[in-house]
Amino acid sequence: MSSLSDQIERYLRRQISKYQGKVKIKRNQLAENFDCAPSQINYVLDTRFTVEKGYVVESQRGGGGFIRIIRVSLDSDKEVIQKVINKLDHAVTQREAHGIIKRLYDNELISERESYLMERAVHRNVLNISLPERDYLRARILKNMLEVIFKVKED
């Protein structure tokens, strides 16, 4: 028997596939459907639908609030790439950075050499400072490398 998180993830993935990579849902309604707290939905979104796994999650709170999940095809237009880059405005762990870099390499958007350089530049042994500053520095470095590679300008 699968966990509730697995069931929610499967449901959301089916919806994303059904609607060509984009889905807009109401968090409270989804929580009601699965008979769980809205925080359980947040947990699934935060852990299973991340940038490094190829998703952009947008949230609007309030009475008419919703969650939009977009599966990012890395050969998408610059606007979607910009959304991924904008998600790097927070701290990024080494594992998250590795996931993003691996996905870029696997999709042949960066070369093996670029992948290696990026991995080394954001490695904890190179960024020899304490947490959480290290994760924020890693995010800034990764964001800037991606902006150069994809020639995306900040707004």
# chains A, B, ... in the order shown; residues from 1 in each chain; ligands from 1

call {"tool": "select_by_dssp", "arguments": {"residues": "chain A", "states": "strand (DSSP E)", "output": "PyMOL selection string"}}
result
chain A and resi 22-25+55-60+66-71

call {"tool": "residues_around", "arguments": {"residues": "stretch 140-150 of chain A", "least_positions_apart": "6", "cutoff": "8 Å", "atoms": "only C-alpha atoms", "output": "list in words"}}
result
Lys78, Ile81, Ile85, Asn86, Leu88, Asp89, Ala97, Met118, Ala121 and Val122 of chain A

call {"tool": "atom_distance", "arguments": {"atom1": "atom CA of A:Asn28", "atom2": "atom CA of A:Gln60"}}
result
12.2 Å

call {"tool": "select_by_dssp", "arguments": {"residues": "stretch 2-145 of chain A", "states": "alpha helix (DSSP H)", "output": "JSON, numbers by chain"}}
result
{"A": [4, 5, 6, 7, 8, 9, 10, 11, 12, 13, 14, 15, 16, 17, 18, 27, 28, 29, 30, 31, 32, 33, 38, 39, 40, 41, 42, 43, 44, 45, 46, 47, 48, 78, 79, 80, 81, 82, 83, 84, 85, 86, 94, 95, 96, 97, 98, 99, 100, 101, 102, 103, 104, 105, 106, 112, 113, 114, 115, 116, 117, 118, 119, 120, 121, 133, 134, 135, 136, 137, 138, 139, 140, 141, 142, 143, 144, 145]}

call {"tool": "closest_residue", "arguments": {"among": "A:Gln94, A:Glu52, A:Gly99, A:Glu112", "to": "A:Leu127", "atoms": "only C-alpha atoms"}}
result
A:Gln94
